[in-house]
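As structure tokens, the structure follows; a few thoughts come after it.
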Amino acid sequence: IQLVMVRLTTKIVNLIYNQEDLVTPLSEFIVQCLSGESNLNRMAIDIIQEVSKTVFEEHSMESQGLRNVAKFLIFLSERASKIIYNNITTLLQFFDCGSYIIRNAIVEMIGNVIINFLCKLDDVEDVDVRNNYNKAKFSFIDLLLKRIYDKSPFCRAKVLQTFEKLCEKNTIDISTYLKLLIEATGRLKDEKSMVRKRD
């Protein structure tokens, strides 16, 4: 059965990368796998890790394959935020990727994880776990603040858009909001109009 799972994982990764029309249905399938039996759950996690590897193997930084990977990861960050959070160490390496498409996706994913997982702690009774999730949230927010200075104007604009979403969902506190105001005000002088418009 393990060999079958490996082959199936490889096939799904290839389809996600090469078939734009299949990204959404395959993403939905993987979300279902994550809530299923252990074999399917493991396969879904393997798919996330294998899809991630393709990012650094791609030489064309604006390829349709990378767009497909970005769409796939964003979908999962909305529907399976905890799994993305549990694999975030690997995914954060994408900030070193030359593709602004992937960096944009990581920014959006972090926003989704904050909103859909780290800020939904009502059912978490363990104080230490709650504290760890809160620390992670603030760590991610600090990371987003740094990405306001990304080399790509598309990414800088995406960060501001993500912060707008975080503010609308009341997920940041006053002190963070004040930091954001300072950083966002600085973007009013950004050389690219698309960034200034998001400000």
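Going through the structure tokens in order, the chains are called A, B, and so on, while each chain numbers its residues from 1 and the ligands are numbered from 1 in the order shown.
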Please extract the residues of stretch 55-113 of chain A with a backbone DSSP assignment of alpha helix (DSSP H) and present them as a PyMOL selection string. chain A and resi 55-57+64-79+81-86+88-91+100-113
For the residues in the current selection, export C-alpha atoms as a PDB file, in the first residue's frame.
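Output below, filename part33.pdb:
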ATOM      1  CA  VAL A  55       9.094  25.762  -6.265  1.00  0.00           C
ATOM      2  CA  PHE A  56      12.883  25.630  -6.021  1.00  0.00           C
ATOM      3  CA  GLU A  57      13.185  23.299  -8.989  1.00  0.00           C
ATOM      4  CA  GLN A  64       1.973  28.582 -14.878  1.00  0.00           C
ATOM      5  CA  GLY A  65       3.271  25.757 -12.703  1.00  0.00           C
ATOM      6  CA  LEU A  66       4.200  28.190  -9.935  1.00  0.00           C
ATOM      7  CA  ARG A  67       0.837  29.912 -10.304  1.00  0.00           C
ATOM      8  CA  ASN A  68      -0.804  26.531  -9.797  1.00  0.00           C
ATOM      9  CA  VAL A  69       1.304  25.834  -6.698  1.00  0.00           C
ATOM     10  CA  ALA A  70       0.426  29.264  -5.294  1.00  0.00           C
ATOM     11  CA  LYS A  71      -3.292  28.675  -5.893  1.00  0.00           C
ATOM     12  CA  PHE A  72      -3.048  25.248  -4.259  1.00  0.00           C
ATOM     13  CA  LEU A  73      -1.292  26.531  -1.123  1.00  0.00           C
ATOM     14  CA  ILE A  74      -3.650  29.496  -0.719  1.00  0.00           C
ATOM     15  CA  PHE A  75      -6.660  27.171  -1.001  1.00  0.00           C
ATOM     16  CA  LEU A  76      -5.264  24.927   1.729  1.00  0.00           C
ATOM     17  CA  SER A  77      -4.468  27.896   3.967  1.00  0.00           C
ATOM     18  CA  GLU A  78      -8.167  28.817   3.802  1.00  0.00           C
ATOM     19  CA  ARG A  79      -9.612  25.328   4.244  1.00  0.00           C
ATOM     20  CA  SER A  81      -5.116  26.258   8.094  1.00  0.00           C
ATOM     21  CA  LYS A  82      -3.836  23.998  10.864  1.00  0.00           C
ATOM     22  CA  ILE A  83      -1.986  21.751   8.410  1.00  0.00           C
ATOM     23  CA  ILE A  84      -0.399  24.774   6.747  1.00  0.00           C
ATOM     24  CA  TYR A  85       0.579  26.088  10.181  1.00  0.00           C
ATOM     25  CA  ASN A  86       2.154  22.736  11.071  1.00  0.00           C
ATOM     26  CA  ILE A  88       4.956  26.588   7.981  1.00  0.00           C
ATOM     27  CA  THR A  89       8.685  26.211   8.644  1.00  0.00           C
ATOM     28  CA  THR A  90       9.150  24.634   5.226  1.00  0.00           C
ATOM     29  CA  LEU A  91       6.842  27.097   3.512  1.00  0.00           C
ATOM     30  CA  TYR A 100       6.927  37.145  -6.531  1.00  0.00           C
ATOM     31  CA  ILE A 101       3.955  34.863  -7.282  1.00  0.00           C
ATOM     32  CA  ILE A 102       5.090  32.449  -4.578  1.00  0.00           C
ATOM     33  CA  ARG A 103       6.049  35.206  -2.133  1.00  0.00           C
ATOM     34  CA  ASN A 104       2.595  36.716  -2.625  1.00  0.00           C
ATOM     35  CA  ALA A 105       1.073  33.322  -1.896  1.00  0.00           C
ATOM     36  CA  ILE A 106       3.048  32.985   1.342  1.00  0.00           C
ATOM     37  CA  VAL A 107       1.915  36.435   2.485  1.00  0.00           C
ATOM     38  CA  GLU A 108      -1.713  35.510   1.805  1.00  0.00           C
ATOM     39  CA  MET A 109      -1.271  32.128   3.485  1.00  0.00           C
ATOM     40  CA  ILE A 110       0.095  33.726   6.651  1.00  0.00           C
ATOM     41  CA  GLY A 111      -2.912  36.043   6.751  1.00  0.00           C
ATOM     42  CA  ASN A 112      -5.288  33.086   6.348  1.00  0.00           C
ATOM     43  CA  VAL A 113      -3.527  31.078   9.062  1.00  0.00           C
TER      44      VAL A 113
END
Neighbours of stretch 149-152 of chain A within 10 Å (only C-alpha atoms; same-chain residues fewer than 5 positions away dropped), as a list of chain:residue names?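 In the requested format, the answer is A:Phe95, A:Gly98, A:Ser99, A:Tyr100, A:Ile101, A:Arg103, A:Asn104, A:Leu144, A:Ala157, A:Lys158, A:Val159, A:Glu183, A:Arg187, A:Asp190, A:Lys192, A:Val195.
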Distance criterion (only C-alpha atoms): nearest to A:Thr171 out of A:His59, A:Lys53, A:Lys11, A:Lys120: A:Lys120
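Using only C-alpha atoms, the smallest distance between any of A:Val129, A:Ala184, A:Leu3, A:Ile141 and A:Arg156 comes from A:Ala184.
In this structure, atom CA of A:Thr24 sits 16.6 Å away from atom CA of A:Ser52.
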In terms of the shortest atom-to-atom distance over only C-alpha atoms, which of A:Asn41, A:Gln32, A:Asn116, A:Ser63 is closest to A:Leu166?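 Of the candidates, the smallest distance to A:Leu166 is held by A:Asn116.
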Which residues are near A:Leu34? Cut-off 8 Å, only C-alpha atoms, ignore same chain within fewer than 4 positions. Put them as a short mmCIF file (atom, residue, chain, number, x, y, z; two decimals) with C-alpha atoms, in the first residue's frame.
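Final file, part.cif:
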data_model
loop_
_atom_site.label_atom_id
_atom_site.label_comp_id
_atom_site.auth_asym_id
_atom_site.auth_seq_id
_atom_site.Cartn_x
_atom_site.Cartn_y
_atom_site.Cartn_z
CA ILE A 30 -6.63 16.84 -0.30
CA LEU A 40 -4.85 9.45 3.44
CA ASN A 41 -3.86 12.10 5.98
CA ARG A 42 -0.18 11.18 5.59
CA ALA A 44 -2.02 14.71 1.89
CA ILE A 45 0.90 16.02 3.96
CA ALA A 80 -6.91 23.49 6.21
#
What lies within 9 Å of A:Leu26 using only C-alpha atoms, ignoring chain neighbours under 5 positions off, as a PyMOL selection string? chain A and resi 12+15-16+31+72
Do you have the atom CA of A:Arg147-atom CA of A:Leu160 distance handy?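 Atom-to-atom, atom CA of A:Arg147 to atom CA of A:Leu160, that is 9.5 Å.
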Nearest-residue call for A:Met5, choices A:Asp142, A:Asp21, A:Glu37, A:Asp46, using only C-alpha atoms: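 Among the listed residues, the smallest separation from A:Met5 belongs to A:Asp46.
When atom CA of A:Phe117 is paired with atom CA of A:Asn134, their separation reads 10.6 Å.
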Would you pick out the contacts of A:Leu180 at 9 Å or less, using only C-alpha atoms, so that residues sharing its chain but fewer than 5 positions from it are not included, and give the list as a ChimeraX atom specification? /A:145,163,175,185
Would you put the residues from that selection into a file with all heavy atoms, as a compact mmCIF listing (two decimals), in the first residue's frame?
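The result, stored in again_35.txt:
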# COMPACT_ATOMS: atom_id res chain seq x y z
N LEU A 145 5.16 42.58 8.57
CA LEU A 145 5.63 43.97 8.60
C LEU A 145 6.95 44.13 7.86
O LEU A 145 7.18 45.11 7.15
CB LEU A 145 5.77 44.46 10.04
CG LEU A 145 4.45 44.76 10.79
CD1 LEU A 145 4.71 44.97 12.27
CD2 LEU A 145 3.75 45.98 10.19
N PHE A 163 -2.89 43.01 5.42
CA PHE A 163 -3.10 43.72 6.67
C PHE A 163 -4.50 44.35 6.72
O PHE A 163 -5.13 44.42 7.78
CB PHE A 163 -2.03 44.78 6.89
CG PHE A 163 -0.84 44.29 7.65
CD1 PHE A 163 0.43 44.30 7.08
CD2 PHE A 163 -0.99 43.78 8.93
CE1 PHE A 163 1.52 43.83 7.78
CE2 PHE A 163 0.12 43.31 9.65
CZ PHE A 163 1.36 43.33 9.07
N SER A 175 -1.30 48.05 19.74
CA SER A 175 0.13 48.32 19.57
C SER A 175 0.60 47.89 18.18
O SER A 175 1.40 48.58 17.54
CB SER A 175 0.95 47.61 20.66
OG SER A 175 0.81 46.21 20.56
N THR A 185 2.28 54.22 6.41
CA THR A 185 2.45 55.63 6.03
C THR A 185 3.72 55.81 5.20
O THR A 185 3.74 56.58 4.24
CB THR A 185 2.53 56.51 7.30
OG1 THR A 185 1.32 56.35 8.05
CG2 THR A 185 2.69 57.97 6.93
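If only C-alpha atoms are the atoms counted, then among A:Thr176, A:Tyr17, A:Tyr133, A:Met43 the closest residue to A:Leu121 is A:Tyr133.
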